[in-house]
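Novice: Quick one, upload_10.csv (CSV, N, CA and C atoms):
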```csv
chain,number,residue,atom,x,y,z
A,1,MET,N,39.3,-3.3,-11.9
A,1,MET,CA,38.5,-2.3,-11.1
A,1,MET,C,37.5,-1.6,-12.0
A,2,ILE,N,37.9,-1.2,-13.1
A,2,ILE,CA,37.0,-0.4,-14.0
A,2,ILE,C,35.9,-1.3,-14.5
A,3,LEU,N,36.2,-2.6,-14.7
A,3,LEU,CA,35.2,-3.6,-15.1
A,3,LEU,C,34.1,-3.7,-14.0
A,4,LEU,N,34.5,-3.7,-12.8
A,4,LEU,CA,33.6,-3.8,-11.6
A,4,LEU,C,32.6,-2.6,-11.6
A,5,PHE,N,33.2,-1.4,-11.8
A,5,PHE,CA,32.3,-0.2,-11.9
A,5,PHE,C,31.3,-0.3,-13.0
A,6,VAL,N,31.8,-0.7,-14.2
A,6,VAL,CA,30.9,-0.8,-15.3
A,6,VAL,C,29.8,-1.8,-15.0
A,7,ILE,N,30.1,-2.9,-14.5
A,7,ILE,CA,29.1,-3.9,-14.1
A,7,ILE,C,28.1,-3.4,-13.1
A,8,HIS,N,28.6,-2.7,-12.1
A,8,HIS,CA,27.7,-2.1,-11.1
A,8,HIS,C,26.8,-1.1,-11.7
A,9,PHE,N,27.2,-0.2,-12.5
A,9,PHE,CA,26.4,0.8,-13.0
A,9,PHE,C,25.4,0.3,-14.1
A,10,TYR,N,25.8,-0.8,-14.8
A,10,TYR,CA,24.9,-1.4,-15.7
A,10,TYR,C,23.8,-2.1,-15.0
A,11,ARG,N,24.1,-2.8,-13.9
A,11,ARG,CA,23.0,-3.4,-13.1
A,11,ARG,C,22.1,-2.4,-12.5
A,12,LYS,N,22.6,-1.3,-12.0
A,12,LYS,CA,21.8,-0.2,-11.4
A,12,LYS,C,20.9,0.4,-12.5
A,13,ALA,N,21.4,0.6,-13.7
A,13,ALA,CA,20.6,1.2,-14.7
A,13,ALA,C,19.5,0.3,-15.2
A,14,LYS,N,19.9,-1.0,-15.2
A,14,LYS,CA,18.9,-2.0,-15.6
A,14,LYS,C,17.8,-2.2,-14.6
A,15,ARG,N,18.1,-2.1,-13.4
A,15,ARG,CA,17.1,-2.2,-12.3
A,15,ARG,C,16.1,-1.1,-12.4
A,16,ARG,N,16.5,0.1,-12.7
A,16,ARG,CA,15.6,1.2,-12.7
A,16,ARG,C,15.1,1.7,-14.1
A,17,ARG,N,15.0,0.7,-15.0
A,17,ARG,CA,14.5,1.1,-16.3
A,17,ARG,C,13.1,1.5,-16.2
A,18,VAL,N,12.8,2.7,-16.7
A,18,VAL,CA,11.4,3.2,-16.6
A,18,VAL,C,10.7,2.8,-17.9
A,19,GLN,N,9.5,2.2,-17.7
A,19,GLN,CA,8.7,1.8,-18.8
A,19,GLN,C,7.9,3.0,-19.4
A,20,PRO,N,7.5,2.9,-20.6
A,20,PRO,CA,6.7,4.0,-21.2
A,20,PRO,C,5.3,4.0,-20.5
A,21,PHE,N,4.8,5.2,-20.5
A,21,PHE,CA,3.5,5.5,-19.9
A,21,PHE,C,2.4,4.8,-20.8
A,22,PRO,N,1.5,3.9,-20.2
A,22,PRO,CA,0.5,3.3,-21.0
A,22,PRO,C,-0.5,4.4,-21.5
A,23,TYR,N,-0.8,4.5,-22.7
A,23,TYR,CA,-1.6,5.6,-23.2
A,23,TYR,C,-3.0,5.6,-22.6
A,24,HIS,N,-3.6,4.5,-22.4
A,24,HIS,CA,-5.0,4.4,-21.9
A,24,HIS,C,-5.1,4.9,-20.5
A,25,TRP,N,-4.0,5.0,-19.7
A,25,TRP,CA,-4.0,5.5,-18.4
A,25,TRP,C,-4.4,7.0,-18.3
A,26,HIS,N,-4.1,7.7,-19.4
A,26,HIS,CA,-4.4,9.1,-19.4
A,26,HIS,C,-5.9,9.3,-19.2
A,27,LYS,N,-6.7,8.5,-19.9
A,27,LYS,CA,-8.2,8.6,-19.8
A,27,LYS,C,-8.6,8.3,-18.4
A,28,LEU,N,-8.0,7.2,-17.8
A,28,LEU,CA,-8.4,6.8,-16.4
A,28,LEU,C,-8.0,7.9,-15.4
A,29,LEU,N,-6.9,8.6,-15.7
A,29,LEU,CA,-6.5,9.7,-14.8
A,29,LEU,C,-7.4,10.8,-14.9
A,30,LEU,N,-7.8,11.2,-16.1
A,30,LEU,CA,-8.7,12.3,-16.3
A,30,LEU,C,-10.1,12.0,-15.6
A,31,GLU,N,-10.5,10.8,-15.7
A,31,GLU,CA,-11.8,10.4,-15.1
A,31,GLU,C,-11.8,10.3,-13.6
A,32,ASN,N,-10.7,10.0,-13.0
A,32,ASN,CA,-10.6,9.6,-11.6
A,32,ASN,C,-9.8,10.5,-10.7
A,33,VAL,N,-9.0,11.4,-11.3
A,33,VAL,CA,-8.0,12.2,-10.5
A,33,VAL,C,-8.2,13.6,-10.8
A,34,LEU,N,-8.9,14.4,-10.0
A,34,LEU,CA,-9.1,15.8,-10.2
A,34,LEU,C,-7.8,16.6,-10.3
A,35,TYR,N,-6.8,16.2,-9.4
A,35,TYR,CA,-5.5,16.9,-9.4
A,35,TYR,C,-4.9,16.8,-10.8
A,36,TYR,N,-4.9,15.6,-11.4
A,36,TYR,CA,-4.3,15.4,-12.7
A,36,TYR,C,-5.1,16.2,-13.8
A,37,ARG,N,-6.4,16.2,-13.7
A,37,ARG,CA,-7.2,16.9,-14.7
A,37,ARG,C,-7.0,18.4,-14.7
A,38,ASN,N,-6.6,18.9,-13.5
A,38,ASN,CA,-6.4,20.4,-13.4
A,38,ASN,C,-5.0,20.8,-13.8
A,39,LEU,N,-4.1,19.9,-14.1
A,39,LEU,CA,-2.8,20.2,-14.6
A,39,LEU,C,-2.8,20.6,-16.1
A,40,SER,N,-1.9,21.4,-16.5
A,40,SER,CA,-1.7,21.7,-17.9
A,40,SER,C,-1.2,20.5,-18.6
A,41,LYS,N,-1.4,20.5,-19.9
A,41,LYS,CA,-0.9,19.3,-20.7
A,41,LYS,C,0.6,19.0,-20.5
A,42,GLY,N,1.4,20.1,-20.4
A,42,GLY,CA,2.8,19.8,-20.2
A,42,GLY,C,3.1,19.3,-18.8
A,43,ARG,N,2.3,19.7,-17.8
A,43,ARG,CA,2.5,19.2,-16.4
A,43,ARG,C,1.9,17.8,-16.3
A,44,GLN,N,0.9,17.5,-17.1
A,44,GLN,CA,0.4,16.1,-17.1
A,44,GLN,C,1.5,15.2,-17.6
A,45,LEU,N,2.2,15.6,-18.6
A,45,LEU,CA,3.3,14.7,-19.1
A,45,LEU,C,4.4,14.5,-18.1
A,46,VAL,N,4.7,15.5,-17.3
A,46,VAL,CA,5.7,15.4,-16.2
A,46,VAL,C,5.1,14.5,-15.2
A,47,PHE,N,3.8,14.6,-14.9
A,47,PHE,CA,3.2,13.8,-13.9
A,47,PHE,C,3.2,12.3,-14.3
A,48,GLN,N,3.0,12.1,-15.6
A,48,GLN,CA,3.1,10.7,-16.1
A,48,GLN,C,4.5,10.1,-16.0
A,49,GLN,N,5.5,10.9,-16.3
A,49,GLN,CA,6.9,10.5,-16.1
A,49,GLN,C,7.2,10.1,-14.6
A,50,ARG,N,6.7,11.0,-13.7
A,50,ARG,CA,6.9,10.7,-12.3
A,50,ARG,C,6.2,9.5,-11.9
A,51,MET,N,5.0,9.2,-12.4
A,51,MET,CA,4.3,7.9,-12.1
A,51,MET,C,5.2,6.7,-12.5
A,52,MET,N,5.7,6.8,-13.7
A,52,MET,CA,6.4,5.7,-14.2
A,52,MET,C,7.8,5.5,-13.5
A,53,GLN,N,8.4,6.6,-13.1
A,53,GLN,CA,9.6,6.5,-12.3
A,53,GLN,C,9.3,5.8,-11.0
A,54,PHE,N,8.2,6.2,-10.3
A,54,PHE,CA,7.8,5.6,-9.1
A,54,PHE,C,7.6,4.1,-9.3
A,55,LEU,N,6.9,3.7,-10.3
A,55,LEU,CA,6.7,2.3,-10.6
A,55,LEU,C,8.0,1.5,-10.9
A,56,SER,N,9.0,2.2,-11.4
A,56,SER,CA,10.3,1.5,-11.7
A,56,SER,C,11.0,1.3,-10.4
A,57,GLU,N,10.7,2.0,-9.3
A,57,GLU,CA,11.4,1.9,-8.1
A,57,GLU,C,10.7,1.1,-7.0
A,58,VAL,N,9.3,1.0,-7.1
A,58,VAL,CA,8.5,0.4,-6.1
A,58,VAL,C,7.6,-0.6,-6.7
A,59,TYR,N,7.6,-1.8,-6.2
A,59,TYR,CA,6.6,-2.8,-6.7
A,59,TYR,C,5.3,-2.7,-5.8
A,60,ILE,N,4.2,-3.0,-6.5
A,60,ILE,CA,2.9,-3.0,-5.8
A,60,ILE,C,2.2,-4.3,-6.1
A,61,GLU,N,1.8,-5.0,-5.0
A,61,GLU,CA,1.2,-6.3,-5.1
A,61,GLU,C,0.0,-6.4,-4.2
A,62,GLY,N,-1.0,-7.2,-4.6
A,62,GLY,CA,-2.1,-7.6,-3.8
A,62,GLY,C,-1.8,-8.9,-3.1
A,63,VAL,N,-2.1,-9.1,-1.9
A,63,VAL,CA,-1.9,-10.4,-1.2
A,63,VAL,C,-3.2,-11.2,-1.2
A,64,GLN,N,-3.1,-12.3,-1.9
A,64,GLN,CA,-4.3,-13.2,-2.1
A,64,GLN,C,-5.5,-12.6,-2.8
A,65,PHE,N,-5.2,-11.6,-3.6
A,65,PHE,CA,-6.3,-11.1,-4.5
A,65,PHE,C,-5.6,-10.4,-5.6
A,66,GLU,N,-6.3,-10.3,-6.7
A,66,GLU,CA,-5.8,-9.6,-7.9
A,66,GLU,C,-6.0,-8.1,-7.9
A,67,LEU,N,-4.9,-7.4,-8.0
A,67,LEU,CA,-4.9,-6.0,-7.9
A,67,LEU,C,-5.4,-5.5,-9.3
A,68,GLU,N,-6.4,-4.6,-9.4
A,68,GLU,CA,-6.9,-4.1,-10.6
A,68,GLU,C,-6.0,-2.9,-11.1
A,69,GLU,N,-6.0,-2.7,-12.4
A,69,GLU,CA,-5.2,-1.6,-12.9
A,69,GLU,C,-5.5,-0.3,-12.3
A,70,LEU,N,-6.7,0.1,-12.1
A,70,LEU,CA,-7.1,1.4,-11.6
A,70,LEU,C,-6.6,1.5,-10.1
A,71,ASP,N,-6.6,0.4,-9.4
A,71,ASP,CA,-6.1,0.4,-8.0
A,71,ASP,C,-4.6,0.8,-8.0
A,72,LYS,N,-3.9,0.2,-8.9
A,72,LYS,CA,-2.5,0.4,-9.0
A,72,LYS,C,-2.2,1.9,-9.4
A,73,ILE,N,-3.0,2.4,-10.3
A,73,ILE,CA,-2.8,3.8,-10.7
A,73,ILE,C,-3.1,4.7,-9.6
A,74,LEU,N,-4.2,4.5,-8.8
A,74,LEU,CA,-4.5,5.4,-7.7
A,74,LEU,C,-3.5,5.3,-6.6
A,75,ILE,N,-2.9,4.2,-6.4
A,75,ILE,CA,-1.8,4.1,-5.4
A,75,ILE,C,-0.6,4.9,-5.8
A,76,VAL,N,-0.2,4.8,-7.1
A,76,VAL,CA,0.9,5.6,-7.6
A,76,VAL,C,0.6,7.1,-7.5
A,77,VAL,N,-0.6,7.4,-7.9
A,77,VAL,CA,-1.0,8.8,-7.9
A,77,VAL,C,-0.9,9.4,-6.4
A,78,SER,N,-1.4,8.6,-5.5
A,78,SER,CA,-1.3,9.0,-4.1
A,78,SER,C,0.1,9.2,-3.6
A,79,ALA,N,1.1,8.6,-4.2
A,79,ALA,CA,2.5,8.7,-3.9
A,79,ALA,C,3.1,9.9,-4.6
A,80,VAL,N,2.6,10.2,-5.8
A,80,VAL,CA,3.2,11.3,-6.6
A,80,VAL,C,2.7,12.7,-6.2
A,81,ILE,N,1.4,12.7,-6.0
A,81,ILE,CA,0.8,14.1,-5.7
A,81,ILE,C,1.5,14.8,-4.6
A,82,PRO,N,1.7,14.2,-3.4
A,82,PRO,CA,2.3,15.0,-2.3
A,82,PRO,C,3.7,15.6,-2.6
A,83,VAL,N,4.4,14.9,-3.5
A,83,VAL,CA,5.8,15.4,-3.7
A,83,VAL,C,6.0,15.9,-5.1
A,84,PHE,N,4.9,16.2,-5.8
A,84,PHE,CA,5.0,16.6,-7.2
A,84,PHE,C,5.7,17.9,-7.4
A,85,GLY,N,5.5,18.8,-6.4
A,85,GLY,CA,6.2,20.1,-6.5
A,85,GLY,C,7.7,20.1,-6.2
A,86,PHE,N,8.2,18.9,-5.8
A,86,PHE,CA,9.6,18.8,-5.5
A,86,PHE,C,10.3,18.1,-6.7
A,87,LYS,N,11.1,18.8,-7.4
A,87,LYS,CA,11.7,18.2,-8.6
A,87,LYS,C,12.6,17.0,-8.2
A,88,GLU,N,12.6,15.9,-8.9
A,88,GLU,CA,13.4,14.8,-8.7
A,88,GLU,C,13.2,14.1,-7.3
A,89,TRP,N,12.1,14.2,-6.7
A,89,TRP,CA,11.8,13.6,-5.5
A,89,TRP,C,11.6,12.1,-5.7
A,90,HIS,N,12.2,11.3,-4.8
A,90,HIS,CA,12.0,9.8,-4.8
A,90,HIS,C,11.8,9.4,-3.4
A,91,TYR,N,11.2,8.2,-3.2
A,91,TYR,CA,11.0,7.6,-1.9
A,91,TYR,C,12.1,6.6,-1.6
A,92,PRO,N,13.2,7.1,-1.1
A,92,PRO,CA,14.4,6.2,-1.0
A,92,PRO,C,14.2,5.0,0.0
A,93,ASN,N,13.3,5.1,0.9
A,93,ASN,CA,13.1,4.0,1.9
A,93,ASN,C,12.0,3.1,1.5
A,94,LEU,N,11.4,3.3,0.4
A,94,LEU,CA,10.2,2.5,0.0
A,94,LEU,C,10.5,1.6,-1.2
A,95,SER,N,10.4,0.3,-1.0
A,95,SER,CA,10.7,-0.6,-2.1
A,95,SER,C,9.5,-1.3,-2.6
A,96,GLY,N,8.5,-1.5,-1.7
A,96,GLY,CA,7.3,-2.2,-2.1
A,96,GLY,C,6.1,-1.8,-1.3
A,97,ILE,N,4.9,-2.1,-1.9
A,97,ILE,CA,3.6,-1.8,-1.3
A,97,ILE,C,2.8,-3.1,-1.4
A,98,LEU,N,2.4,-3.7,-0.3
A,98,LEU,CA,1.5,-4.8,-0.3
A,98,LEU,C,0.1,-4.4,0.1
A,99,LEU,N,-0.9,-4.8,-0.6
A,99,LEU,CA,-2.3,-4.6,-0.3
A,99,LEU,C,-2.9,-5.9,0.2
A,100,TYR,N,-3.6,-5.8,1.3
A,100,TYR,CA,-4.3,-6.9,1.8
A,100,TYR,C,-5.8,-6.7,1.6
A,101,PRO,N,-6.6,-7.8,1.4
A,101,PRO,CA,-8.0,-7.6,1.1
A,101,PRO,C,-8.9,-7.2,2.3
A,102,ASP,N,-8.3,-7.2,3.5
A,102,ASP,CA,-9.1,-6.9,4.7
A,102,ASP,C,-8.1,-6.5,5.8
A,103,ASN,N,-8.7,-6.1,6.9
A,103,ASN,CA,-7.8,-5.8,8.1
A,103,ASN,C,-7.2,-7.1,8.6
A,104,PHE,N,-6.1,-7.1,9.3
A,104,PHE,CA,-5.5,-8.3,9.8
A,104,PHE,C,-5.1,-8.1,11.2
A,105,ASN,N,-4.6,-9.3,11.8
A,105,ASN,CA,-4.2,-9.2,13.2
A,105,ASN,C,-2.7,-9.1,13.3
A,106,GLU,N,-2.2,-9.2,14.5
A,106,GLU,CA,-0.7,-9.1,14.7
A,106,GLU,C,0.1,-10.1,14.0
A,107,ASP,N,-0.5,-11.3,13.7
A,107,ASP,CA,0.2,-12.4,13.0
A,107,ASP,C,0.0,-12.3,11.5
A,108,MET,N,-0.5,-11.1,11.0
A,108,MET,CA,-0.8,-10.9,9.6
A,108,MET,C,-1.8,-11.9,9.0
A,109,GLN,N,-2.7,-12.3,9.9
A,109,GLN,CA,-3.8,-13.2,9.4
A,109,GLN,C,-5.0,-12.3,9.2
A,110,PHE,N,-5.6,-12.5,8.0
A,110,PHE,CA,-6.8,-11.7,7.7
A,110,PHE,C,-8.0,-12.5,7.2
A,111,GLY,N,-7.9,-13.8,7.1
A,111,GLY,CA,-9.0,-14.6,6.6
A,111,GLY,C,-9.9,-15.1,7.6
A,112,SER,N,-9.5,-15.0,8.9
A,112,SER,CA,-10.3,-15.6,10.0
A,112,SER,C,-11.4,-14.6,10.4
A,113,LYS,N,-12.3,-15.1,11.3
A,113,LYS,CA,-13.4,-14.2,11.8
A,113,LYS,C,-13.0,-13.6,13.2
A,114,ASP,N,-11.7,-13.6,13.4
A,114,ASP,CA,-11.1,-13.1,14.7
A,114,ASP,C,-11.4,-11.6,14.8
A,115,ASN,N,-11.9,-11.3,16.0
A,115,ASN,CA,-12.2,-9.9,16.3
A,115,ASN,C,-10.9,-9.0,16.4
A,116,ALA,N,-9.8,-9.7,16.6
A,116,ALA,CA,-8.5,-9.0,16.7
A,116,ALA,C,-7.9,-8.4,15.4
A,117,ARG,N,-8.7,-8.6,14.3
A,117,ARG,CA,-8.2,-8.2,13.0
A,117,ARG,C,-8.6,-6.7,12.9
A,118,ASN,N,-7.8,-5.8,13.6
A,118,ASN,CA,-8.1,-4.4,13.6
A,118,ASN,C,-6.9,-3.6,13.0
A,119,ILE,N,-6.0,-4.2,12.4
A,119,ILE,CA,-4.8,-3.5,11.8
A,119,ILE,C,-5.1,-3.3,10.4
A,120,GLY,N,-5.1,-2.0,10.0
A,120,GLY,CA,-5.4,-1.6,8.6
A,120,GLY,C,-4.2,-1.4,7.7
A,121,GLY,N,-3.0,-1.3,8.4
A,121,GLY,CA,-1.8,-1.1,7.6
A,121,GLY,C,-0.6,-1.1,8.5
A,122,ILE,N,0.5,-1.4,7.9
A,122,ILE,CA,1.8,-1.3,8.6
A,122,ILE,C,2.8,-0.6,7.8
A,123,GLU,N,3.6,0.2,8.4
A,123,GLU,CA,4.6,1.0,7.7
A,123,GLU,C,6.0,0.7,8.3
A,124,TRP,N,6.9,0.3,7.6
A,124,TRP,CA,8.3,0.1,8.0
A,124,TRP,C,9.1,1.3,7.6
A,125,SER,N,9.8,1.9,8.5
A,125,SER,CA,10.7,3.0,8.1
A,125,SER,C,12.1,2.7,8.2
A,126,GLY,N,12.4,1.5,8.6
A,126,GLY,CA,13.8,1.0,8.8
A,126,GLY,C,13.7,-0.5,9.0
A,127,ARG,N,14.9,-1.1,9.2
A,127,ARG,CA,15.0,-2.5,9.3
A,127,ARG,C,14.1,-3.0,10.5
A,128,PHE,N,14.1,-2.3,11.7
A,128,PHE,CA,13.4,-2.8,12.8
A,128,PHE,C,12.3,-1.8,13.3
A,129,SER,N,12.1,-0.8,12.5
A,129,SER,CA,11.1,0.2,12.9
A,129,SER,C,9.7,-0.1,12.3
A,130,LEU,N,8.7,-0.1,13.1
A,130,LEU,CA,7.4,-0.5,12.6
A,130,LEU,C,6.3,0.4,13.2
A,131,ARG,N,5.4,0.8,12.3
A,131,ARG,CA,4.2,1.6,12.8
A,131,ARG,C,3.0,0.9,12.3
A,132,ILE,N,2.1,0.6,13.3
A,132,ILE,CA,0.8,0.0,12.9
A,132,ILE,C,-0.3,1.0,12.8
A,133,ASN,N,-1.1,0.9,11.7
A,133,ASN,CA,-2.2,1.9,11.5
A,133,ASN,C,-3.5,1.2,11.7
```
Could you write out this file's structure as structure tokens?

Specialist:
Amino acid sequence: MILLFVIHFYRKAKRRRVQPFPYHWHKLLLENVLYYRNLSKGRQLVFQQRMMQFLSEVYIEGVQFELEELDKILIVVSAVIPVFGFKEWHYPNLSGILLYPDNFNEDMQFGSKDNARNIGGIEWSGRFSLRIN
């Protein structure tokens, strides 16, 4: 029984391993994010940690296009800023973010010239709960 607990906690810790903050991101944040620029040096370090924690819990991918580093940074920032004042806040129901290169239709098709491509985003808040934006 103890061995099962050890294995479970080892796997959980391994899944959420937080990578170190890439040093060159600091300059990108200063250039592109006013909120970050206005933080004190100490709060910037906390912000960096929160960004990396978010990235350890949520994957971000582009669908049929290469996601640029700045895009990924800005997505993470947009998730961290609203909850930055709440210590230890996490998004428990969010496991991944997919970015599409264009609006899409109800069948998730975005490459056609179909006028029904008017969906800009979808948000799932549960197994069968869906909100179309």

Novice: Nearest residue to Phe84 in chain A out of A:Tyr59, A:Tyr100, A:Phe47, A:Phe54, using only N, CA and C atoms?

Specialist: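 Smallest distance to Phe84 in chain A is found for A:Phe47.
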
Novice: Taking (14.6, 8.1, -9.9) in the file's coordinates as the center, which residues reach within 7 Å of it, counting all atoms listed in the file, put as a PDB file with N, CA and C atoms, in the frame of the given file?

Specialist:
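Below is the file part_31.pdb, written as the result:
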```pdb
ATOM      1  N   GLN A  53       8.400   6.600 -13.100  1.00  0.00           N
ATOM      2  CA  GLN A  53       9.600   6.500 -12.300  1.00  0.00           C
ATOM      3  C   GLN A  53       9.300   5.800 -11.000  1.00  0.00           C
ATOM      4  N   PHE A  54       8.200   6.200 -10.300  1.00  0.00           N
ATOM      5  CA  PHE A  54       7.800   5.600  -9.100  1.00  0.00           C
ATOM      6  C   PHE A  54       7.600   4.100  -9.300  1.00  0.00           C
ATOM      7  N   GLU A  88      12.600  15.900  -8.900  1.00  0.00           N
ATOM      8  CA  GLU A  88      13.400  14.800  -8.700  1.00  0.00           C
ATOM      9  C   GLU A  88      13.200  14.100  -7.300  1.00  0.00           C
ATOM     10  N   TRP A  89      12.100  14.200  -6.700  1.00  0.00           N
ATOM     11  CA  TRP A  89      11.800  13.600  -5.500  1.00  0.00           C
ATOM     12  C   TRP A  89      11.600  12.100  -5.700  1.00  0.00           C
ATOM     13  N   HIS A  90      12.200  11.300  -4.800  1.00  0.00           N
ATOM     14  CA  HIS A  90      12.000   9.800  -4.800  1.00  0.00           C
ATOM     15  C   HIS A  90      11.800   9.400  -3.400  1.00  0.00           C
TER      16      HIS A  90
END
```

Novice: Please, what distance in Å, to one decimal, runs between atom C of Glu31 in chain A and atom C of Ser78 in chain A?

Specialist: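 That distance, rounded to one decimal, is 15.6 Å.
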
Novice: Give me the residues of range 11-54 of chain A that have any atom at most 8 Å from an atom of range 73-77 of chain A; for each, the nearest atom pair and the distance in Å, rounded to one decimal. Use all atoms listed in the file, sort by chain and number, and format it as CSV.

Specialist:
```
residue,atom,partner,partner_atom,distance
A:Trp25,CA,A:Ile73,CA,8.0
A:Leu29,CA,A:Ile73,C,8.0
A:Asn32,C,A:Leu74,CA,7.9
A:Arg50,C,A:Val76,C,7.5
A:Met51,CA,A:Val76,C,6.0
A:Met52,N,A:Val76,CA,7.9
A:Phe54,CA,A:Val76,CA,7.1
```

Novice: Out of range 11-115 of chain A, which residues get helix (DSSP H, G or I) from DSSP, as a ChimeraX atom specification?

Specialist: /A:11-15,24-32,34-37,41-57,69-83

Novice: Using only N, CA and C atoms, pick whichever of A:Ile81, A:Val63, A:Val18, A:Leu70 has the shortest atom-to-atom distance to Pro101 in chain A.

Specialist: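 Ranking A:Ile81, A:Val63, A:Val18, A:Leu70 by distance to Pro101 in chain A, first place goes to A:Val63.
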
Novice: Nearest residue to Tyr36 in chain A out of A:Gln48, A:Asp71, A:Leu98, A:Pro92, using only C-alpha atoms?

Specialist: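 Closest to Tyr36 in chain A of all the choices is A:Gln48.
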
Novice: Among the residues of range 44-93 of chain A, find those DSSP assigns to strand (DSSP E or B) from the backbone and print them as a VMD selection string.

Specialist: chain A and resid 59 to 62

Novice: May I ask for the distance between atom N of Ile60 in chain A and atom N of Ile97 in chain A, given in Å to one decimal place?

Specialist: 4.7 Å

Novice: Find the distance between CA of Phe21 in chain A and atom N of Gln49 in chain A and write it in Å to one decimal.

Specialist: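 Interatomic distance, CA of Phe21 in chain A to atom N of Gln49 in chain A: 6.8 Å.
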
Novice: When distances are computed from all atoms listed in the file, which of A:Leu94, A:Leu45, A:Val83, A:Val33 shows the smallest separation from Val58 in chain A?

Specialist: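 Closest to Val58 in chain A of all the choices is A:Leu94.
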
Novice: Out of A:Glu61, A:Gln19, A:Ser56, A:Tyr91, which residue has the shortest atom-to-atom distance to Ala79 in chain A when counting only C-alpha atoms?

Specialist: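 Going through A:Glu61, A:Gln19, A:Ser56, A:Tyr91 one by one, the smallest distance to Ala79 in chain A is for A:Tyr91.
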